[in-house]
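**Q** My structure is below; once you've seen it, I'll send some questions.
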There are 2 protein chains.
Amino acid sequence: MIAVDDVRRAAGVLEGVAHRTPVIASRTLGEHISLKPENLQRSGSFKFRGAYNKVSSLPPGTPLVAFSSGNHAQAVALAARLVGSPATILMPEDAPASKLAATRGYGAEVVTYDRYAGDREAIGAELAAARGAELVRPYDDELIMAGAGTAALELIEDAGAVDTLVVPVGGGGLISGSATAAQALGVRRVVGVEPKAGDDWVRSFAAGHPVVIDVPRTIADGLQTTSPGALTWEVSSQLVDEIVTVTDAQIVEAMRFAFERLKLAIEPSGAVGLAAVRASLVTGGRIGVIVSGGNIDAGRFSELLGV
Amino acid sequence: MIAVDDVRRAAGVLEGVAHRTPVIASRTLGEHISLKPENLQRSGSFKFRGAYNKVSSLPPGTPLVAFSSGNHAQAVALAARLVGSPATILMPEDAPASKLAATRGYGAEVVTYDRYAGDREAIGAELAAARGAELVRPYDDELIMAGAGTAALELIEDAGAVDTLVVPVGGGGLISGSATAAQALGVRRVVGVEPKAGDDWVRSFAAGHPVVIDVPRTIADGLQTTSPGALTWEVSSQLVDEIVTVTDAQIVEAMRFAFERLKLAIEPSGAVGLAAVRASLVTGGRIGVIVSGGNIDAGRFSELLGV
C-alpha cells in the first residue's frame with residue numbers, strides 16, 4: 001500500500017519538471033465543479049507524473065522498456081529522454097497515429113503488436129529480458145501510482161476543498177494514487193469512471209476481487225484494460241467508494257463540451273470523468289474532476305464527433 | 001493616447017473578475033516562445049477584458065448596445081450581466097452559430113444585419129439612440145484598449161521577459177493596449193499580425209494614415225475590419241514596429257498545431273499570431289504571442305481543417 005507521504009515525495013520529485021496544470025471552472029458546467037486538465041500536462045496526459053517519478057528513481061542510462069496503449073508510451077519516452085536513458089516502447093499497432101508519432105518524436109524506439117491477439121505483458125517481459133532492460137509498468141507500480149496521485153493532490157490544494165473526487169479508471173494507477181491523496185486531504189468520496197463496454201472495475205467491486213474481461217471495444221483507447229492491477233486493486237478496493245460507467249456517446253458529448261465551452265482538446269479516455277459529471281452520474285458537494293489526457297489527432301476528433 | 005497607468009488601472013478593475021490566463025510554452029514550438037491563451041478567458045476571448053473595464057465604469061443598469069462580429073458581442077453580454085445592465089447586441093447574420101448562441105446565452109438581446117451590405121456603425125448608433133443606450137465600441141475606446149492591454153501586461157510579467165510581442169490585429173484595440181504595456185515593460189519590438197486578405201493595417205502603415213479596404217473575405221471572422229480605428233491608429237502608428245500577414249492556410253495549420261500539440265481549441269482570428277511564429281515570419285529573442293480567442297464550434301473547426 002502506498003501512503004500520502006509517497007505522493008508528497010513524488011510531488012517533490014516532479015517540482016519544476018511536470019507542469020502544475022491549472023484548476024478550471026465553467027459556469028455552464030456548474031461552479032461547484034473544478035476540473036484538472038491534465039491534457040495540458042507534459043506529454044499530453046497525467047501519465048508523465050508517474051513515469052518521471054519512476055524513471056528518475058533509476059540510475060541514468062538504465063535501458064527502459066514499457067508497454068502502453070499510448071499515453072504511458074509518450075510519458076516514458078519523454079521521461080527517459082529527460083533523464084538520459086534509452087527507451088523501447090511496445091505499442092498496439094492500431095494505436096492512434098498521433099500517439100505513435102509522438103512517442104517516436106521523443107526519441108524512443110517503438111515496437112508494435114496486435115492488441116487483440118498478443119499478450120502485451122508477456123511480450124513486454126520478454127523484450128525487457130532480451131535487452132537487459134528495466135520494465136516500466138503502466139500502472140501496477142508504487143512509484144507510478146504515487147506519481148499519478150500528485151494530480152489529485154494539486155487539484156484538491158488548488159480548488160480550496162473537494163468533497164467528491166472523480167477519476168478515470170483504466171489499470172487503476174491514477175485512481176489509487178488519487179484516492180490515497182484524497183483520503184489524507186479530507187475528501188469524502190472518491191468515484192472512479194470507466195467505459196461501459198470495459199466495466200472490469202464495476203465487476204471486480206461486485207465480486208470483491210479482480211475480475212478479468214475481454215479487451216473492451218470502446219473509443220476510450222487508453223482505458224481498454226481487462227482487469228484491475230494487483231497493487232492498484234489493493235489500494236482502490238479499500239479507498240474508492242464507487243465506480244460508475246459512461247457510454248461512448250456520453251464520452252463524445254463531453255469531448256464536444258470541452259472543445260466548445262472549455263476550449264480544450266481532450267481524448268476519449270480523458271473525458272470519462274467529465275462525461276459522468278455532465279450526465280449527472282456523480283453528485284455531492286464540491287466536485288473535483290481529473291481530465292486525464294488530450295492526445296488525439298484532429299481527424300480522429302472530427303470522426304468521433306461526426307462533424 | 002492611453003498610458004501604461006490606464007492599463008494598470010484596468011488590471012485592478014479586472015482582478016478577481018477576469019481569469020489570469022496561464023502563460024504556456026511548447027518544446028515543439030521552441031522554448032523561447034511564450035503563449036498567452038486568451039481562448040481560456042471568460043467569454044472565450046481577450047475581449048472580456050476591455051468590455052468589463054468599459055461596462056463597469058458606467059452606472060449599473062445603464063442600457064448597453066454593441067456591434068460585433070462575435071467575440072466583443074459575447075464579452076459585452078457577459079460583462080453586462082455581471083454588472084446588472086441590459087444589453088442589445090448587433091451581430092452579422094452570418095456570424096458563427098456558436099457565437100450567436102453564446103451571446104444570447106449570456107442574456108443579451110441579439111439583432112442581426114448583413115455584414116456585406118449594412119453599415120454596422122450607423123446601425124449601431126441608430127439603435128443606441130433609439131433605446132437611449134450607451135454604445136460600447138469594439139475597440140475604438142480608451143477603456144476598451146486599456147482593458148485589452150492587460151493581456152500583454154500579464155504575458156510580459158509571467159513570461160519573465162519578452163523581447164518581441166506578437167499580437168493579432170483587427171480594429172487595433174488589443175494591439176494598442178498591448179503596445180502601451182510593452183513599451184513600459186521593456187519589450188523591444190511589437191509585431192501585429194492580420195490576415196493577408198484583410199491587410200488594412202499593412203496598407204495604412206505604408207500610406208502613413210488609416211486606409212479603408214473592402215470587407216475582407218477570410219476565415220478569420222473576428223479580423224474582418226476594413227480600417228484601423230482612429231484612437232487605435234493614434235497609439236499603434238507610434239508604438240507598433242511592424243505588421244505581418246498570414247494566409248488562411250497558415251491560420252489553419254496553426255489551429256491544427258494548437259489542437260494536437262497544445263491541446264487548445266482556438267479560432268482562426270485567435271490563431272494569426274501563432275501562425276506567424278509557426279511560419280517563421282517573426283523572430284527576435286524571447287517571443288511572446290497572444291492567442292486571442294477560441295470561439296469556434298466543432299463542426300466549423302473540422303470543416304476548416306478538412307478532416
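The way I read the labels, and the way they are meant: chains A, B, ... in the order of the C-alpha cells, residue 1 as the first residue of every chain, and ligand 1 as the first ligand shown, with later ones counted on from there.
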Using only C-alpha atoms, determine which residues of chain B fall within 10 Å of chain A; present them as a count of residues only.
**A** 45
**Q** Using only C-alpha atoms, which protein or nucleic acid residues come within 12 Å of Gly208 in chain B? Drop anything in the same chain fewer than 4 positions from it, and give the result as a ChimeraX atom specification.
**A** /B:200-204,228,233-234,236-238
**Q** Please produce a file of those selected residues containing N, CA and C atoms, as a CSV table (one decimal), in the first residue's frame.
**A**
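Full text of result.csv as output:
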```
chain,number,residue,atom,x,y,z
B,200,ASP,N,-5.6,45.9,-44.1
B,200,ASP,CA,-5.8,47.3,-43.9
B,200,ASP,C,-4.7,48.0,-43.1
B,201,TRP,N,-4.1,47.2,-42.1
B,201,TRP,CA,-3.0,47.8,-41.3
B,201,TRP,C,-1.7,47.9,-42.1
B,202,VAL,N,-1.4,46.9,-42.9
B,202,VAL,CA,-0.2,47.0,-43.7
B,202,VAL,C,-0.3,48.2,-44.6
B,203,ARG,N,-1.4,48.3,-45.3
B,203,ARG,CA,-1.6,49.4,-46.2
B,203,ARG,C,-1.6,50.8,-45.5
B,204,SER,N,-2.1,50.8,-44.3
B,204,SER,CA,-2.2,52.1,-43.5
B,204,SER,C,-0.8,52.5,-43.1
B,228,PRO,N,-8.1,50.6,-39.6
B,228,PRO,CA,-7.7,50.9,-38.2
B,228,PRO,C,-8.7,51.9,-37.6
B,233,TRP,N,-5.3,53.7,-34.1
B,233,TRP,CA,-4.3,54.1,-35.0
B,233,TRP,C,-3.3,55.1,-34.4
B,234,GLU,N,-3.9,56.1,-33.6
B,234,GLU,CA,-3.0,57.1,-33.0
B,234,GLU,C,-2.0,56.4,-32.1
B,236,SER,N,-1.1,52.9,-32.1
B,236,SER,CA,-0.4,51.9,-32.8
B,236,SER,C,0.6,52.4,-33.8
B,237,SER,N,0.2,53.5,-34.5
B,237,SER,CA,1.1,54.0,-35.5
B,237,SER,C,2.4,54.5,-34.9
B,238,GLN,N,2.4,54.8,-33.6
B,238,GLN,CA,3.6,55.2,-32.9
B,238,GLN,C,4.4,54.1,-32.2
```
**Q** So which one's closest to Asn71 in chain B, B:Leu58, B:Leu143, B:Ala133, B:Ala51? Using only C-alpha atoms, please.
**A** B:Ala51
**Q** For range 188-194 of chain A, work out the shell of residues within 6 Å, counting only C-alpha atoms and skipping chain neighbours fewer than 4 positions away, then give it as an NGL selection string.
**A** :A and (163-169 or 240-245 or 273)
**Q** For the residues selected in the previous step, produce a file with all heavy atoms as a tab-separated table (two decimals), in the first residue's frame.
**A**
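Result saved to out.tsv:
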```tsv
chain	number	residue	atom	x	y	z
A	163	ASP	N	-15.12	17.77	-2.03
A	163	ASP	CA	-15.88	16.77	-1.28
A	163	ASP	C	-15.90	15.44	-2.02
A	163	ASP	O	-15.81	14.38	-1.41
A	163	ASP	CB	-17.32	17.24	-1.07
A	163	ASP	CG	-17.39	18.53	-0.28
A	163	ASP	OD1	-16.77	18.58	0.80
A	163	ASP	OD2	-18.03	19.48	-0.74
A	164	THR	N	-16.06	15.52	-3.35
A	164	THR	CA	-16.14	14.31	-4.17
A	164	THR	C	-15.11	14.41	-5.29
A	164	THR	O	-15.08	15.40	-6.02
A	164	THR	CB	-17.56	14.20	-4.79
A	164	THR	OG1	-18.52	14.20	-3.71
A	164	THR	CG2	-17.69	12.92	-5.59
A	165	LEU	N	-14.28	13.38	-5.39
A	165	LEU	CA	-13.24	13.38	-6.41
A	165	LEU	C	-13.60	12.36	-7.49
A	165	LEU	O	-13.93	11.21	-7.16
A	165	LEU	CB	-11.89	13.02	-5.77
A	165	LEU	CG	-10.67	12.99	-6.70
A	165	LEU	CD1	-10.34	14.40	-7.21
A	165	LEU	CD2	-9.46	12.41	-5.97
A	166	VAL	N	-13.54	12.77	-8.75
A	166	VAL	CA	-13.95	11.92	-9.87
A	166	VAL	C	-12.73	11.65	-10.77
A	166	VAL	O	-12.09	12.58	-11.25
A	166	VAL	CB	-15.06	12.61	-10.68
A	166	VAL	CG1	-15.53	11.72	-11.83
A	166	VAL	CG2	-16.23	12.98	-9.77
A	167	VAL	N	-12.45	10.37	-10.98
A	167	VAL	CA	-11.18	9.97	-11.60
A	167	VAL	C	-11.42	8.88	-12.66
A	167	VAL	O	-12.07	7.87	-12.37
A	167	VAL	CB	-10.21	9.43	-10.53
A	167	VAL	CG1	-8.84	9.13	-11.14
A	167	VAL	CG2	-10.09	10.38	-9.35
A	168	PRO	N	-10.86	9.04	-13.87
A	168	PRO	CA	-10.93	7.96	-14.86
A	168	PRO	C	-10.20	6.71	-14.35
A	168	PRO	O	-9.18	6.82	-13.67
A	168	PRO	CB	-10.18	8.54	-16.07
A	168	PRO	CG	-10.25	10.02	-15.90
A	168	PRO	CD	-10.20	10.24	-14.41
A	169	VAL	N	-10.72	5.54	-14.72
A	169	VAL	CA	-10.11	4.28	-14.28
A	169	VAL	C	-9.81	3.38	-15.46
A	169	VAL	O	-10.71	3.02	-16.23
A	169	VAL	CB	-11.05	3.51	-13.33
A	169	VAL	CG1	-10.33	2.28	-12.78
A	169	VAL	CG2	-11.50	4.38	-12.19
A	240	VAL	N	-11.69	3.53	-2.73
A	240	VAL	CA	-12.63	4.06	-3.72
A	240	VAL	C	-14.05	3.69	-3.31
A	240	VAL	O	-14.33	2.54	-2.95
A	240	VAL	CB	-12.30	3.52	-5.13
A	240	VAL	CG1	-13.35	3.94	-6.14
A	240	VAL	CG2	-10.92	4.01	-5.56
A	241	ASP	N	-14.96	4.67	-3.35
A	241	ASP	CA	-16.32	4.45	-2.88
A	241	ASP	C	-17.24	3.85	-3.92
A	241	ASP	O	-18.17	3.12	-3.58
A	241	ASP	CB	-16.91	5.79	-2.39
A	241	ASP	CG	-16.11	6.34	-1.22
A	241	ASP	OD1	-16.34	5.86	-0.10
A	241	ASP	OD2	-15.25	7.20	-1.42
A	242	GLU	N	-17.02	4.19	-5.18
A	242	GLU	CA	-17.96	3.75	-6.21
A	242	GLU	C	-17.30	3.85	-7.58
A	242	GLU	O	-16.44	4.70	-7.81
A	242	GLU	CB	-19.20	4.68	-6.19
A	242	GLU	CG	-20.33	4.24	-7.11
A	242	GLU	CD	-21.44	5.29	-7.19
A	242	GLU	OE1	-21.31	6.38	-6.59
A	242	GLU	OE2	-22.43	5.02	-7.89
A	243	ILE	N	-17.72	2.95	-8.47
A	243	ILE	CA	-17.31	3.06	-9.88
A	243	ILE	C	-18.58	3.25	-10.70
A	243	ILE	O	-19.56	2.52	-10.52
A	243	ILE	CB	-16.60	1.77	-10.37
A	243	ILE	CG1	-15.44	1.36	-9.45
A	243	ILE	CG2	-16.13	1.95	-11.82
A	243	ILE	CD1	-14.17	2.16	-9.59
A	244	VAL	N	-18.58	4.27	-11.58
A	244	VAL	CA	-19.70	4.44	-12.50
A	244	VAL	C	-19.19	4.28	-13.92
A	244	VAL	O	-17.99	4.38	-14.17
A	244	VAL	CB	-20.40	5.82	-12.33
A	244	VAL	CG1	-20.93	6.00	-10.91
A	244	VAL	CG2	-19.45	6.96	-12.70
A	245	THR	N	-20.12	4.00	-14.84
A	245	THR	CA	-19.71	3.81	-16.24
A	245	THR	C	-20.38	4.83	-17.14
A	245	THR	O	-21.47	5.32	-16.85
A	245	THR	CB	-20.07	2.40	-16.76
A	245	THR	OG1	-21.49	2.25	-16.76
A	245	THR	CG2	-19.45	1.31	-15.90
A	273	GLY	N	-14.51	11.24	-16.89
A	273	GLY	CA	-14.93	11.89	-15.64
A	273	GLY	C	-15.86	13.06	-15.93
A	273	GLY	O	-16.91	13.22	-15.29
```
**Q** Counting only C-alpha atoms, what is within 12 Å of Ser57 in chain B, bar same-chain residues fewer than 2 positions away, as JSON, numbers by chain?
**A** {"B": [9, 10, 13, 14, 50, 51, 52, 53, 54, 55, 59, 60, 61, 62, 79, 80, 83, 85, 134, 136, 142, 143, 144, 147]}
**Q** Please extract the residues of range 52-269 of chain A with a backbone DSSP assignment of helix (DSSP H, G or I) and present them as an NGL selection string.
**A** :A and (52-55 or 71-83 or 97-105 or 120-131 or 142-159 or 173-184 or 196-198 or 200-207 or 221-223 or 230-239 or 248-262 or 268-269)
**Q** Quick one: everything within 7 Å of Leu155 in chain B, counting only C-alpha atoms, minus sequence neighbours fewer than 4 positions away in the same chain. Send it as a ChimeraX atom specification.
**A** /B:23,36,151,159
**Q** Could you dump the residues just selected with all heavy atoms as a PDB file, in the first residue's frame?
**A**
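Once everything was written out, this is result.pdb:
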```
ATOM      1  N   VAL B  23       0.503  31.323 -18.871  1.00  0.00           N
ATOM      2  CA  VAL B  23       1.461  31.504 -19.970  1.00  0.00           C
ATOM      3  C   VAL B  23       2.053  30.131 -20.233  1.00  0.00           C
ATOM      4  O   VAL B  23       2.488  29.457 -19.301  1.00  0.00           O
ATOM      5  CB  VAL B  23       2.556  32.524 -19.590  1.00  0.00           C
ATOM      6  CG1 VAL B  23       3.700  32.502 -20.604  1.00  0.00           C
ATOM      7  CG2 VAL B  23       1.947  33.912 -19.519  1.00  0.00           C
ATOM      8  N   LYS B  36       0.111  33.247 -24.645  1.00  0.00           N
ATOM      9  CA  LYS B  36      -0.904  33.684 -23.698  1.00  0.00           C
ATOM     10  C   LYS B  36      -2.248  33.239 -24.266  1.00  0.00           C
ATOM     11  O   LYS B  36      -2.803  33.910 -25.157  1.00  0.00           O
ATOM     12  CB  LYS B  36      -0.825  35.204 -23.564  1.00  0.00           C
ATOM     13  CG  LYS B  36      -1.854  35.834 -22.643  1.00  0.00           C
ATOM     14  CD  LYS B  36      -1.525  35.620 -21.181  1.00  0.00           C
ATOM     15  CE  LYS B  36      -2.417  36.459 -20.268  1.00  0.00           C
ATOM     16  NZ  LYS B  36      -2.242  36.070 -18.841  1.00  0.00           N
ATOM     17  N   ALA B 151      -3.868  41.852 -21.126  1.00  0.00           N
ATOM     18  CA  ALA B 151      -3.422  40.526 -21.580  1.00  0.00           C
ATOM     19  C   ALA B 151      -1.906  40.539 -21.803  1.00  0.00           C
ATOM     20  O   ALA B 151      -1.186  39.628 -21.378  1.00  0.00           O
ATOM     21  CB  ALA B 151      -4.147  40.130 -22.871  1.00  0.00           C
ATOM     22  N   ALA B 159       5.901  35.707 -18.190  1.00  0.00           N
ATOM     23  CA  ALA B 159       6.926  35.047 -19.010  1.00  0.00           C
ATOM     24  C   ALA B 159       8.330  35.381 -18.495  1.00  0.00           C
ATOM     25  O   ALA B 159       9.303  34.784 -18.908  1.00  0.00           O
ATOM     26  CB  ALA B 159       6.793  35.470 -20.467  1.00  0.00           C
TER      27      ALA B 159
END
```
**Q** Counting only C-alpha atoms, which of B:Ile156, B:Leu281, B:Val215, B:Leu231 gets nearest to Asp140 in chain B?
**A**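 Comparing B:Ile156, B:Leu281, B:Val215, B:Leu231 against Asp140 in chain B, the winner is B:Leu231.
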**Q** Can you tell me, as a ChimeraX atom specification, what residues are no more than 9 Å from Ala128 in chain B when counting only C-alpha atoms, ignoring any on the same chain fewer than 3 positions away?
**A** /B:63-66,88,123-125,131-135
**Q** If we count only C-alpha atoms, what is near Gln74 in chain B at a cut-off of 8 Å, once residues fewer than 3 positions away on the same chain are taken out, given as number ranges by chain?
**A** B: 43, 48, 70-71, 77-78, 99, 102-103, 106
